[in-house]
$ cat final_28.pdb   # PDB, C-alpha atoms and all ligand atoms
ATOM      1  CA  MET X 591      19.060  -0.237  15.831
ATOM      2  CA  LEU X 592      21.382   0.013  12.845
ATOM      3  CA  ILE X 593      21.108   2.300   9.816
ATOM      4  CA  THR X 594      22.589   1.425   6.445
ATOM      5  CA  ARG X 595      22.781   3.495   3.300
ATOM      6  CA  THR X 596      24.501   1.083   0.925
ATOM      7  CA  ILE X 597      23.468  -2.256  -0.526
ATOM      8  CA  SER X 598      26.765  -3.938   0.389
ATOM      9  CA  LYS X 599      26.610  -2.895   4.062
ATOM     10  CA  THR X 600      22.956  -3.930   4.263
ATOM     11  CA  ARG X 601      23.768  -7.361   2.866
ATOM     12  CA  ALA X 602      26.650  -7.755   5.341
ATOM     13  CA  VAL X 603      24.511  -6.825   8.381
ATOM     14  CA  ILE X 604      21.693  -9.145   7.315
ATOM     15  CA  ALA X 605      24.108 -11.998   6.570
ATOM     16  CA  GLN X 606      25.347 -11.699  10.150
ATOM     17  CA  ALA X 607      21.821 -11.877  11.573
ATOM     18  CA  ARG X 608      21.056 -14.857   9.367
ATOM     19  CA  ALA X 609      24.291 -16.574  10.439
ATOM     20  CA  GLN X 610      22.972 -16.366  14.008
ATOM     21  CA  GLY X 611      19.889 -18.269  12.916
ATOM     22  CA  GLU X 612      17.610 -15.245  12.806
ATOM     23  CA  ARG X 613      14.635 -15.036  10.458
ATOM     24  CA  ILE X 614      14.488 -11.782   8.530
ATOM     25  CA  GLY X 615      11.298  -9.716   8.460
ATOM     26  CA  PHE X 616      10.890  -6.800   6.059
ATOM     27  CA  VAL X 617       8.701  -3.697   6.001
ATOM     28  CA  PRO X 618       9.160  -1.637   2.822
ATOM     29  CA  THR X 619       8.168   2.028   3.192
ATOM     30  CA  MET X 620       8.646   5.420   1.618
ATOM     31  CA  GLY X 621       9.080   6.978   5.073
ATOM     32  CA  TYR X 622       7.123   9.708   6.836
ATOM     33  CA  LEU X 623       5.895   6.888   8.981
ATOM     34  CA  HIS X 624       2.551   6.748  10.749
ATOM     35  CA  GLU X 625       0.869   4.246  13.048
ATOM     36  CA  GLY X 626      -0.108   2.111  10.044
ATOM     37  CA  HIS X 627       3.574   1.554   9.184
ATOM     38  CA  LEU X 628       4.422   0.932  12.822
ATOM     39  CA  GLN X 629       1.822  -1.811  13.007
ATOM     40  CA  LEU X 630       3.514  -3.423   9.988
ATOM     41  CA  ILE X 631       6.701  -3.490  12.096
ATOM     42  CA  ASP X 632       4.757  -5.117  14.958
ATOM     43  CA  ILE X 633       3.502  -7.823  12.586
ATOM     44  CA  ALA X 634       6.987  -8.362  11.108
ATOM     45  CA  LYS X 635       8.322  -8.810  14.652
ATOM     46  CA  GLN X 636       5.722 -11.493  15.344
ATOM     47  CA  HIS X 637       6.951 -13.488  12.315
ATOM     48  CA  SER X 638      10.713 -12.939  12.440
ATOM     49  CA  ASP X 639      13.701 -12.192  14.677
ATOM     50  CA  PHE X 640      15.385  -9.345  12.792
ATOM     51  CA  VAL X 641      13.214  -6.628  11.284
ATOM     52  CA  VAL X 642      14.444  -4.468   8.420
ATOM     53  CA  VAL X 643      12.535  -1.297   7.490
ATOM     54  CA  SER X 644      13.424   0.300   4.167
ATOM     55  CA  ILE X 645      12.860   4.026   3.776
ATOM     56  CA  PHE X 646      13.111   5.006   0.145
ATOM     57  CA  VAL X 647      10.950   7.367  -1.863
ATOM     58  CA  ASN X 648      11.107   5.418  -5.086
ATOM     59  CA  PRO X 649      11.230   7.727  -8.132
ATOM     60  CA  THR X 650      10.273   5.009 -10.623
ATOM     61  CA  GLN X 651       6.759   4.676  -9.203
ATOM     62  CA  PHE X 652       5.881   8.376  -9.569
ATOM     63  CA  GLY X 653       4.520   9.851 -12.800
ATOM     64  CA  PRO X 654       6.119  13.028 -14.236
ATOM     65  CA  HIS X 655       3.411  15.290 -12.745
ATOM     66  CA  GLU X 656       3.095  13.485  -9.411
ATOM     67  CA  ASP X 657       4.430  14.416  -5.977
ATOM     68  CA  PHE X 658       7.885  12.768  -5.945
ATOM     69  CA  ALA X 659       9.672  16.065  -5.157
ATOM     70  CA  SER X 660       7.201  17.191  -2.491
ATOM     71  CA  TYR X 661       6.536  13.763  -0.934
ATOM     72  CA  PRO X 662       6.976  14.316   2.840
ATOM     73  CA  ARG X 663      10.356  13.249   4.206
ATOM     74  CA  ASP X 664      11.679  13.381   7.797
ATOM     75  CA  PHE X 665      14.361  10.800   8.398
ATOM     76  CA  GLU X 666      15.102  11.780  12.002
ATOM     77  CA  ARG X 667      11.453  11.409  12.988
ATOM     78  CA  ASP X 668      11.235   8.057  11.166
ATOM     79  CA  ARG X 669      14.434   6.852  12.843
ATOM     80  CA  LYS X 670      13.037   7.555  16.320
ATOM     81  CA  LEU X 671       9.721   5.856  15.522
ATOM     82  CA  CYS X 672      11.418   2.723  14.133
ATOM     83  CA  GLU X 673      13.743   2.518  17.097
ATOM     84  CA  ALA X 674      10.903   2.911  19.607
ATOM     85  CA  ARG X 675       8.933   0.182  17.813
ATOM     86  CA  GLY X 676      11.857  -2.249  17.963
ATOM     87  CA  ALA X 677      13.038  -2.416  14.332
ATOM     88  CA  ASP X 678      16.579  -3.764  14.017
ATOM     89  CA  LEU X 679      17.758  -2.070  10.844
ATOM     90  CA  ILE X 680      16.728   0.848   8.667
ATOM     91  CA  PHE X 681      17.925   0.626   5.079
ATOM     92  CA  ALA X 682      17.715   4.166   3.685
ATOM     93  CA  PRO X 683      19.564   4.339   0.373
ATOM     94  CA  GLU X 684      20.004   7.367  -1.872
ATOM     95  CA  VAL X 685      18.398   7.202  -5.318
ATOM     96  CA  SER X 686      21.911   6.831  -6.819
ATOM     97  CA  GLU X 687      22.503   3.703  -4.730
ATOM     98  CA  MET X 688      19.298   2.019  -5.905
ATOM     99  CA  TYR X 689      19.456   3.308  -9.467
ATOM    100  CA  PRO X 690      23.067   4.055 -10.441
ATOM    101  CA  GLU X 691      21.722   3.954 -13.993
ATOM    102  CA  ARG X 692      18.200   3.922 -15.361
ATOM    103  CA  SER X 693      17.024   0.332 -15.215
ATOM    104  CA  LEU X 694      16.853  -1.176 -18.692
ATOM    105  CA  ILE X 695      15.035  -4.201 -17.370
ATOM    106  CA  THR X 696      11.444  -3.417 -16.537
ATOM    107  CA  PHE X 697       8.239  -5.269 -15.804
ATOM    108  CA  HIS X 698       5.043  -5.707 -17.701
ATOM    109  CA  ILE X 699       2.031  -6.458 -15.516
ATOM    110  CA  GLU X 700      -0.906  -8.040 -17.252
ATOM    111  CA  LYS X 701      -4.484  -7.489 -16.117
ATOM    112  CA  LEU X 702      -3.794  -6.679 -12.461
ATOM    113  CA  ALA X 703      -2.614  -3.133 -13.213
ATOM    114  CA  ASP X 704      -5.291  -2.338 -15.819
ATOM    115  CA  ARG X 705      -7.862  -0.866 -13.450
ATOM    116  CA  LEU X 706      -8.048   1.215 -10.262
ATOM    117  CA  CYS X 707      -4.803   3.121  -9.527
ATOM    118  CA  GLY X 708      -3.008   1.259 -12.319
ATOM    119  CA  ALA X 709      -5.282   2.867 -14.930
ATOM    120  CA  ARG X 710      -4.882   6.384 -13.486
ATOM    121  CA  ARG X 711      -1.153   6.166 -12.740
ATOM    122  CA  PRO X 712       0.425   4.589 -15.847
ATOM    123  CA  GLY X 713       3.698   2.864 -14.996
ATOM    124  CA  HIS X 714       3.159   3.201 -11.249
ATOM    125  CA  PHE X 715       2.993  -0.521 -10.483
ATOM    126  CA  ASN X 716       5.883  -1.272 -12.847
ATOM    127  CA  GLY X 717       7.955   1.042 -10.642
ATOM    128  CA  VAL X 718       6.605  -0.607  -7.495
ATOM    129  CA  VAL X 719       7.440  -4.157  -8.613
ATOM    130  CA  LEU X 720      10.845  -3.006  -9.857
ATOM    131  CA  VAL X 721      11.837  -1.499  -6.523
ATOM    132  CA  VAL X 722      10.228  -4.252  -4.449
ATOM    133  CA  SER X 723      12.082  -6.903  -6.512
ATOM    134  CA  LYS X 724      15.354  -5.053  -5.956
ATOM    135  CA  LEU X 725      14.646  -4.728  -2.234
ATOM    136  CA  PHE X 726      13.739  -8.431  -1.982
ATOM    137  CA  ASN X 727      17.030  -9.295  -3.703
ATOM    138  CA  ILE X 728      19.032  -7.004  -1.420
ATOM    139  CA  ILE X 729      17.365  -8.009   1.865
ATOM    140  CA  GLN X 730      16.257 -11.562   1.033
ATOM    141  CA  PRO X 731      13.596 -11.527   3.740
ATOM    142  CA  ASP X 732      11.754 -14.595   4.990
ATOM    143  CA  VAL X 733       8.597 -12.525   5.418
ATOM    144  CA  ALA X 734       7.515  -9.110   4.141
ATOM    145  CA  VAL X 735       4.523  -7.162   5.402
ATOM    146  CA  PHE X 736       2.295  -4.953   3.228
ATOM    147  CA  GLY X 737      -0.794  -2.985   4.225
ATOM    148  CA  GLN X 738      -4.187  -3.771   2.734
ATOM    149  CA  LYS X 739      -4.803  -0.029   2.361
ATOM    150  CA  ASP X 740      -2.851  -0.400  -0.885
ATOM    151  CA  ALA X 741      -4.909  -3.436  -1.881
ATOM    152  CA  GLN X 742      -3.996  -3.378  -5.561
ATOM    153  CA  GLN X 743      -0.298  -3.146  -4.651
ATOM    154  CA  LEU X 744      -0.664  -6.022  -2.183
ATOM    155  CA  ILE X 745      -2.372  -8.246  -4.756
ATOM    156  CA  ILE X 746       0.246  -7.415  -7.425
ATOM    157  CA  ILE X 747       3.123  -8.110  -4.999
ATOM    158  CA  LYS X 748       1.605 -11.465  -4.056
ATOM    159  CA  ARG X 749       1.463 -12.323  -7.746
ATOM    160  CA  LEU X 750       5.029 -11.050  -8.297
ATOM    161  CA  VAL X 751       6.261 -13.418  -5.603
ATOM    162  CA  GLN X 752       4.250 -16.290  -7.060
ATOM    163  CA  ASP X 753       5.251 -15.702 -10.710
ATOM    164  CA  LEU X 754       8.946 -14.982 -10.063
ATOM    165  CA  ASN X 755       9.411 -17.530  -7.250
ATOM    166  CA  PHE X 756      10.717 -15.098  -4.668
ATOM    167  CA  PRO X 757      11.311 -17.161  -1.508
ATOM    168  CA  VAL X 758       9.419 -14.740   0.731
ATOM    169  CA  LYS X 759       6.088 -15.017   2.512
ATOM    170  CA  ILE X 760       3.874 -11.971   2.016
ATOM    171  CA  ILE X 761       1.773 -11.046   5.024
ATOM    172  CA  SER X 762      -1.022  -8.526   4.677
ATOM    173  CA  ALA X 763      -2.000  -6.141   7.432
ATOM    174  CA  PRO X 764      -5.350  -4.439   8.060
ATOM    175  CA  THR X 765      -5.777  -0.749   7.223
ATOM    176  CA  VAL X 766      -5.140   1.428  10.259
ATOM    177  CA  ARG X 767      -7.579   4.311  10.650
ATOM    178  CA  GLU X 768      -7.833   7.552  12.576
ATOM    179  CA  SER X 769     -10.591   7.523  15.200
ATOM    180  CA  ASP X 770     -13.003   9.136  12.692
ATOM    181  CA  GLY X 771     -12.343   6.474  10.057
ATOM    182  CA  LEU X 772      -9.836   8.216   7.759
ATOM    183  CA  ALA X 773      -7.252   5.668   6.606
ATOM    184  CA  MET X 774      -3.775   6.643   7.780
ATOM    185  CA  SER X 775      -1.516   7.823   4.981
ATOM    186  CA  SER X 776       1.662   9.875   4.724
ATOM    187  CA  ARG X 777      -0.233  12.039   2.221
ATOM    188  CA  ASN X 778      -2.852  13.073   4.830
ATOM    189  CA  VAL X 779      -0.345  15.785   5.764
ATOM    190  CA  TYR X 780      -1.368  17.600   2.536
ATOM    191  CA  LEU X 781      -4.940  18.133   3.837
ATOM    192  CA  ASN X 782      -5.957  21.545   5.173
ATOM    193  CA  PRO X 783      -8.349  21.534   8.182
ATOM    194  CA  GLU X 784     -11.480  21.816   6.018
ATOM    195  CA  GLN X 785     -10.354  19.003   3.689
ATOM    196  CA  ARG X 786      -9.346  16.879   6.681
ATOM    197  CA  ALA X 787     -12.826  17.313   8.203
ATOM    198  CA  GLN X 788     -14.507  16.372   4.912
ATOM    199  CA  SER X 789     -12.189  13.424   4.192
ATOM    200  CA  THR X 790     -14.117  11.194   6.608
ATOM    201  CA  VAL X 791     -16.678  10.867   3.806
ATOM    202  CA  LEU X 792     -14.459   8.210   2.190
ATOM    203  CA  TYR X 793     -14.787   5.741   5.032
ATOM    204  CA  ARG X 794     -18.471   6.594   5.377
ATOM    205  CA  ALA X 795     -18.948   5.809   1.663
ATOM    206  CA  LEU X 796     -17.273   2.418   2.100
ATOM    207  CA  GLN X 797     -19.424   1.711   5.143
ATOM    208  CA  ARG X 798     -22.520   2.751   3.176
ATOM    209  CA  ALA X 799     -21.534   0.273   0.449
ATOM    210  CA  LYS X 800     -21.085  -2.467   3.018
ATOM    211  CA  ALA X 801     -24.468  -1.715   4.611
ATOM    212  CA  LEU X 802     -26.193  -1.839   1.206
ATOM    213  CA  ILE X 803     -24.562  -5.189   0.435
ATOM    214  CA  GLU X 804     -25.504  -6.535   3.861
ATOM    215  CA  SER X 805     -29.086  -5.555   3.143
ATOM    216  CA  GLY X 806     -29.023  -7.589  -0.086
ATOM    217  CA  GLU X 807     -27.838  -5.208  -2.824
ATOM    218  CA  ARG X 808     -25.634  -7.022  -5.343
ATOM    219  CA  ASP X 809     -25.641  -4.606  -8.284
ATOM    220  CA  ALA X 810     -22.181  -2.994  -8.455
ATOM    221  CA  GLN X 811     -23.299   0.100 -10.383
ATOM    222  CA  ARG X 812     -26.085   0.892  -7.905
ATOM    223  CA  ILE X 813     -23.626   0.614  -5.014
ATOM    224  CA  ILE X 814     -21.107   2.863  -6.796
ATOM    225  CA  SER X 815     -23.845   5.450  -7.506
ATOM    226  CA  GLU X 816     -24.803   5.570  -3.821
ATOM    227  CA  MET X 817     -21.137   6.047  -2.870
ATOM    228  CA  GLU X 818     -20.747   8.818  -5.464
ATOM    229  CA  LYS X 819     -23.831  10.596  -4.093
ATOM    230  CA  LEU X 820     -22.446  10.496  -0.568
ATOM    231  CA  ILE X 821     -18.973  11.679  -1.580
ATOM    232  CA  ALA X 822     -20.518  14.500  -3.636
ATOM    233  CA  THR X 823     -21.802  15.985  -0.361
ATOM    234  CA  ALA X 824     -18.178  16.891   0.459
ATOM    235  CA  SER X 825     -17.555  20.107  -1.488
ATOM    236  CA  GLU X 826     -13.761  19.653  -1.598
ATOM    237  CA  ALA X 827     -13.874  16.060  -2.889
ATOM    238  CA  ARG X 828     -13.072  15.239  -6.528
ATOM    239  CA  ILE X 829     -13.590  11.573  -7.333
ATOM    240  CA  ASP X 830     -10.782   9.930  -9.329
ATOM    241  CA  TYR X 831     -12.472   6.538  -9.303
ATOM    242  CA  ILE X 832     -14.786   4.261  -7.385
ATOM    243  CA  GLU X 833     -14.625   0.670  -8.603
ATOM    244  CA  ILE X 834     -15.826  -2.736  -7.535
ATOM    245  CA  VAL X 835     -13.588  -5.528  -8.813
ATOM    246  CA  SER X 836     -12.980  -9.157  -8.075
ATOM    247  CA  VAL X 837     -10.007  -9.813  -5.770
ATOM    248  CA  ARG X 838      -8.885 -12.687  -8.010
ATOM    249  CA  ASP X 839      -8.042 -10.666 -11.127
ATOM    250  CA  LEU X 840      -8.944  -7.063 -10.250
ATOM    251  CA  GLN X 841     -11.444  -6.929 -13.126
ATOM    252  CA  PRO X 842     -14.772  -5.120 -12.702
ATOM    253  CA  ILE X 843     -17.836  -7.117 -11.812
ATOM    254  CA  ALA X 844     -21.468  -6.293 -12.492
ATOM    255  CA  ARG X 845     -22.934  -8.354  -9.650
ATOM    256  CA  LEU X 846     -21.208  -9.009  -6.345
ATOM    257  CA  ASP X 847     -20.188 -12.564  -5.658
ATOM    258  CA  GLY X 848     -17.078 -14.104  -4.048
ATOM    259  CA  GLN X 849     -14.211 -11.919  -2.811
ATOM    260  CA  VAL X 850     -14.729  -8.353  -3.948
ATOM    261  CA  LEU X 851     -12.640  -5.221  -3.558
ATOM    262  CA  ILE X 852     -14.500  -1.926  -3.254
ATOM    263  CA  ALA X 853     -11.862   0.713  -3.855
ATOM    264  CA  LEU X 854     -11.777   4.457  -4.336
ATOM    265  CA  ALA X 855      -9.374   7.291  -4.986
ATOM    266  CA  VAL X 856     -10.534  10.820  -4.282
ATOM    267  CA  TYR X 857      -8.695  14.136  -4.461
ATOM    268  CA  PHE X 858      -8.989  16.706  -1.704
ATOM    269  CA  GLY X 859      -6.947  19.609  -3.087
ATOM    270  CA  LYS X 860      -3.569  18.155  -4.002
ATOM    271  CA  ALA X 861      -4.006  15.112  -1.738
ATOM    272  CA  ARG X 862      -5.076  12.011  -3.618
ATOM    273  CA  LEU X 863      -6.463   9.661  -0.988
ATOM    274  CA  ILE X 864      -7.159   5.981  -1.544
ATOM    275  CA  ASP X 865      -9.179   3.597   0.584
ATOM    276  CA  ASN X 866     -10.978   0.274   0.203
ATOM    277  CA  ILE X 867     -12.727  -2.618   1.839
ATOM    278  CA  VAL X 868     -12.599  -6.287   0.874
ATOM    279  CA  LEU X 869     -15.759  -8.338   1.306
ATOM    280  CA  GLU X 870     -16.554 -11.998   0.852
ATOM    281  CA  VAL X 871     -20.051 -12.341  -0.586
ATOM    282  CA  ALA X 872     -21.540 -15.835  -0.573
ATOM    283  CA  GLY X 873     -25.293 -16.037  -1.145
ATOM    284  CA  ASP X 874     -26.822 -13.785   1.490
ATOM    285  CA  GLN X 875     -23.716 -13.994   3.700
ATOM    286  CA  VAL X 876     -21.348 -10.993   3.732
ATOM    287  CA  ARG X 877     -18.054 -10.970   5.615
ATOM    288  CA  GLU X 878     -15.352  -8.304   5.689
ATOM    289  CA  ILE X 879     -11.776  -9.532   5.098
ATOM    290  CA  PRO X 880      -9.505  -7.024   6.874
ATOM    291  CA  ALA X 881      -6.286  -8.798   5.820
ATOM    292  CA  LEU X 882      -6.229 -11.047   2.752
ATOM    293  CA  PRO X 883      -4.660 -14.431   3.490
TER
HETATM  294  O1  LIG X 901       3.662   1.193  -0.286
HETATM  295  C1  LIG X 901       4.692   1.892  -0.397
HETATM  296  O2  LIG X 901       5.025   2.708   0.473
HETATM  297  C2  LIG X 901       5.569   1.716  -1.634
HETATM  298  O3  LIG X 901       4.810   1.516  -2.772
HETATM  299  C3  LIG X 901       6.629   0.613  -1.463
HETATM  300  C4  LIG X 901       5.997  -0.743  -1.310
HETATM  301  C5  LIG X 901       7.497   0.933  -0.265
HETATM  302  C6  LIG X 901       7.516   0.563  -2.712
HETATM  303  O4  LIG X 901       8.166   1.778  -2.919
END
$ encode --input "final_28.pdb" --output "structure tokens" --more "lines below"
Ligand code: PAF
Amino acid sequence: MLITRTISKTRAVIAQARAQGERIGFVPTMGYLHEGHLQLIDIAKQHSDFVVVSIFVNPTQFGPHEDFASYPRDFERDRKLCEARGADLIFAPEVSEMYPERSLITFHIEKLADRLCGARRPGHFNGVVLVVSKLFNIIQPDVAVFGQKDAQQLIIIKRLVQDLNFPVKIISAPTVRESDGLAMSSRNVYLNPEQRAQSTVLYRALQRAKALIESGERDAQRIISEMEKLIATASEARIDYIEIVSVRDLQPIARLDGQVLIALAVYFGKARLIDNIVLEVAGDQVREIPALP
């Protein structure tokens, strides 16, 4: 497995792989990898011959009071995990390599960033699409894999690729969970034992929502209220949002119909955890969609 730190070296290594007829797969990450990331590598390997993992904690997607400085980093651990999982290249640039100057060209995202995390983290998705566009231009992957745990990010990236004609196929991957249901996240490391024990309430709230919908409930506000009640039983939990939106445009819906995203963000101490489920509701039929096509 190779490691590159510069854009020029990365381009040279990938050009060589491509010259040998290899398809390039890409897994963008901010490091501190967990099993969820490693399964993205597995999926990239199934769809390509040469898998690039980027490890870059991207400053432009963090707000001024967010955890950019304290975001967990352990390159040596990440290197071993990527190697064991069969990645071919880690691209791990310094901030100065990716942003030698503040970017004067930025993005404006209509509609899709108005709600959910976009509403609570102003500018976050502009920073995400900026860095992902740069990474796509540097790596020029045939396929790129994103986890559905960050459903709003996934939907915005799909639209980025569609609107800007990036020649890359986006593949979504199901959320990977701990055995008690907690969605894997690099930020879970912030949880103390009590918060970790209580954090299972998030998955239970999503399952409660699903059960209500399966039993015929279609009123979004009633479902949200039930989820709030359940999460309120965890003394350490502070709800940032619980929303039910349509997958198509990420706008809130009053009654459930079609593809819906039930998403939440909840603080446990300094850890802001997000989780979601996507359901297809058609008449009295309800089906979970673990990975959006
Ligand atoms: O999902 C993440 O880890 C980041 O938002 C990404 C896609 C690597 C961009 O920095």
$ resolve_selection --input "final_28.pdb" --expression "the PyMOL selection byres (((not hetatm)) within 8 of (chain X and resi 901))" --output "list in words"
Val617, Pro618, Thr619, Met620, Gly621, Ser644, Ile645, Phe646, Val647, Asn648, Gln651, Gly717, Val718, Val719, Val721, Val722, Phe736, Gly737, Asp740 and Gln743 of chain X
$ write_last_selection --input "final_28.pdb" --atoms "C-alpha atoms" --output "JSON list (two decimals), in the coordinates of the input"
[["chain", "number", "residue", "atom", "x", "y", "z"],
["X", 617, "VAL", "CA", 8.70, -3.70, 6.00],
["X", 618, "PRO", "CA", 9.16, -1.64, 2.82],
["X", 619, "THR", "CA", 8.17, 2.03, 3.19],
["X", 620, "MET", "CA", 8.65, 5.42, 1.62],
["X", 621, "GLY", "CA", 9.08, 6.98, 5.07],
["X", 644, "SER", "CA", 13.42, 0.30, 4.17],
["X", 645, "ILE", "CA", 12.86, 4.03, 3.78],
["X", 646, "PHE", "CA", 13.11, 5.01, 0.14],
["X", 647, "VAL", "CA", 10.95, 7.37, -1.86],
["X", 648, "ASN", "CA", 11.11, 5.42, -5.09],
["X", 651, "GLN", "CA", 6.76, 4.68, -9.20],
["X", 717, "GLY", "CA", 7.96, 1.04, -10.64],
["X", 718, "VAL", "CA", 6.60, -0.61, -7.50],
["X", 719, "VAL", "CA", 7.44, -4.16, -8.61],
["X", 721, "VAL", "CA", 11.84, -1.50, -6.52],
["X", 722, "VAL", "CA", 10.23, -4.25, -4.45],
["X", 736, "PHE", "CA", 2.30, -4.95, 3.23],
["X", 737, "GLY", "CA", -0.79, -2.98, 4.22],
["X", 740, "ASP", "CA", -2.85, -0.40, -0.88],
["X", 743, "GLN", "CA", -0.30, -3.15, -4.65]]
$ resolve_selection --input "final_28.pdb" --expression "the PyMOL selection byres (((chain X and resi 858-865) around 10) and not hetatm)" --output "ChimeraX atom specification"
/X:656-657,706-707,738-741,765,772-782,784-786,788-789,792-793,796,824-832,852-857,866-867
$ residues_around --input "final_28.pdb" --residues "range 668-671 of chain X" --least-positions-apart "3" --cutoff "10 Å" --atoms "all atoms listed in the file" --output "PyMOL selection string"
chain X and resi 591-593+621-625+627-628+643+645+663-665+674-677+679-680
$ resolve_selection --input "final_28.pdb" --expression "the PyMOL selection byres (((chain X and resi 836-841) around 9) and not hetatm)" --output "list in words"
Lys701, Leu702, Ala703, Asp704, Arg705, Leu706, Gln742, Ile745, Ile834, Val835, Pro842, Ile843, Leu846, Asp847, Gly848, Gln849, Val850, Leu851, Ile852 and Val868 of chain X
$ closest_residue --input "final_28.pdb" --among "X:Lys759, X:Arg794, X:Arg608, X:Arg667" --to "His637 in chain X" --atoms "only C-alpha atoms"
X:Lys759
$ atom_distance --input "final_28.pdb" --atom1 "CA of Leu882 in chain X" --atom2 "CA of Glu870 in chain X"
10.5 Å
$ atom_distance --input "final_28.pdb" --atom1 "CA of Val642 in chain X" --atom2 "CA of Ala881 in chain X"
21.3 Å
$ closest_residue --input "final_28.pdb" --among "X:Phe640, X:Lys635, X:Val758, X:Ala801" --to "Gln730 in chain X" --atoms "all atoms listed in the file"
X:Val758
$ residues_around --input "final_28.pdb" --residues "Asn716 in chain X" --least-positions-apart "4" --cutoff "8 Å" --atoms "all atoms listed in the file" --output "ChimeraX atom specification"
/X:650-651,696-699,720
$ atom_distance --input "final_28.pdb" --atom1 "CA of Lys748 in chain X" --atom2 "CA of Gly873 in chain X"
27.4 Å
$ axis_aligned_box --input "final_28.pdb" --around "range 719-725 of chain X" --padding-each-side "6 Å" --output "JSON"
{"center_x": 11.4, "center_y": -4.2, "center_z": -6.0, "size_x": 19.9, "size_y": 17.4, "size_z": 19.6}
$ build_atoms --input "final_28.pdb" --residues "range 725-736 of chain X" --atoms "N, CA, C and O atoms" --output "PDB file, in the coordinates of the input"
ATOM      1  N   LEU X 725      14.550  -4.663  -3.707  1.00  0.00           N
ATOM      2  CA  LEU X 725      14.646  -4.728  -2.234  1.00  0.00           C
ATOM      3  C   LEU X 725      14.614  -6.177  -1.748  1.00  0.00           C
ATOM      4  O   LEU X 725      15.355  -6.553  -0.824  1.00  0.00           O
ATOM      5  N   PHE X 726      13.761  -7.007  -2.366  1.00  0.00           N
ATOM      6  CA  PHE X 726      13.739  -8.431  -1.982  1.00  0.00           C
ATOM      7  C   PHE X 726      15.106  -9.070  -2.258  1.00  0.00           C
ATOM      8  O   PHE X 726      15.598  -9.874  -1.470  1.00  0.00           O
ATOM      9  N   ASN X 727      15.725  -8.708  -3.381  1.00  0.00           N
ATOM     10  CA  ASN X 727      17.030  -9.295  -3.703  1.00  0.00           C
ATOM     11  C   ASN X 727      18.126  -8.801  -2.761  1.00  0.00           C
ATOM     12  O   ASN X 727      19.055  -9.534  -2.441  1.00  0.00           O
ATOM     13  N   ILE X 728      18.010  -7.563  -2.320  1.00  0.00           N
ATOM     14  CA  ILE X 728      19.032  -7.004  -1.420  1.00  0.00           C
ATOM     15  C   ILE X 728      18.865  -7.591  -0.010  1.00  0.00           C
ATOM     16  O   ILE X 728      19.826  -8.012   0.626  1.00  0.00           O
ATOM     17  N   ILE X 729      17.625  -7.642   0.459  1.00  0.00           N
ATOM     18  CA  ILE X 729      17.365  -8.009   1.865  1.00  0.00           C
ATOM     19  C   ILE X 729      17.128  -9.512   2.028  1.00  0.00           C
ATOM     20  O   ILE X 729      17.421 -10.076   3.074  1.00  0.00           O
ATOM     21  N   GLN X 730      16.585 -10.132   1.000  1.00  0.00           N
ATOM     22  CA  GLN X 730      16.257 -11.562   1.033  1.00  0.00           C
ATOM     23  C   GLN X 730      15.492 -11.948   2.305  1.00  0.00           C
ATOM     24  O   GLN X 730      15.916 -12.801   3.086  1.00  0.00           O
ATOM     25  N   PRO X 731      14.361 -11.274   2.511  1.00  0.00           N
ATOM     26  CA  PRO X 731      13.596 -11.527   3.740  1.00  0.00           C
ATOM     27  C   PRO X 731      12.874 -12.865   3.704  1.00  0.00           C
ATOM     28  O   PRO X 731      12.563 -13.384   2.631  1.00  0.00           O
ATOM     29  N   ASP X 732      12.612 -13.403   4.890  1.00  0.00           N
ATOM     30  CA  ASP X 732      11.754 -14.595   4.990  1.00  0.00           C
ATOM     31  C   ASP X 732      10.291 -14.186   4.882  1.00  0.00           C
ATOM     32  O   ASP X 732       9.479 -14.903   4.307  1.00  0.00           O
ATOM     33  N   VAL X 733       9.970 -13.038   5.506  1.00  0.00           N
ATOM     34  CA  VAL X 733       8.597 -12.525   5.418  1.00  0.00           C
ATOM     35  C   VAL X 733       8.644 -11.030   5.105  1.00  0.00           C
ATOM     36  O   VAL X 733       9.590 -10.337   5.495  1.00  0.00           O
ATOM     37  N   ALA X 734       7.631 -10.556   4.397  1.00  0.00           N
ATOM     38  CA  ALA X 734       7.515  -9.110   4.141  1.00  0.00           C
ATOM     39  C   ALA X 734       6.069  -8.725   4.383  1.00  0.00           C
ATOM     40  O   ALA X 734       5.149  -9.479   4.036  1.00  0.00           O
ATOM     41  N   VAL X 735       5.874  -7.561   4.990  1.00  0.00           N
ATOM     42  CA  VAL X 735       4.523  -7.162   5.402  1.00  0.00           C
ATOM     43  C   VAL X 735       4.066  -5.941   4.593  1.00  0.00           C
ATOM     44  O   VAL X 735       4.797  -4.945   4.497  1.00  0.00           O
ATOM     45  N   PHE X 736       2.872  -6.032   4.033  1.00  0.00           N
ATOM     46  CA  PHE X 736       2.295  -4.953   3.228  1.00  0.00           C
ATOM     47  C   PHE X 736       0.890  -4.651   3.750  1.00  0.00           C
ATOM     48  O   PHE X 736       0.149  -5.562   4.124  1.00  0.00           O
TER      49      PHE X 736
END
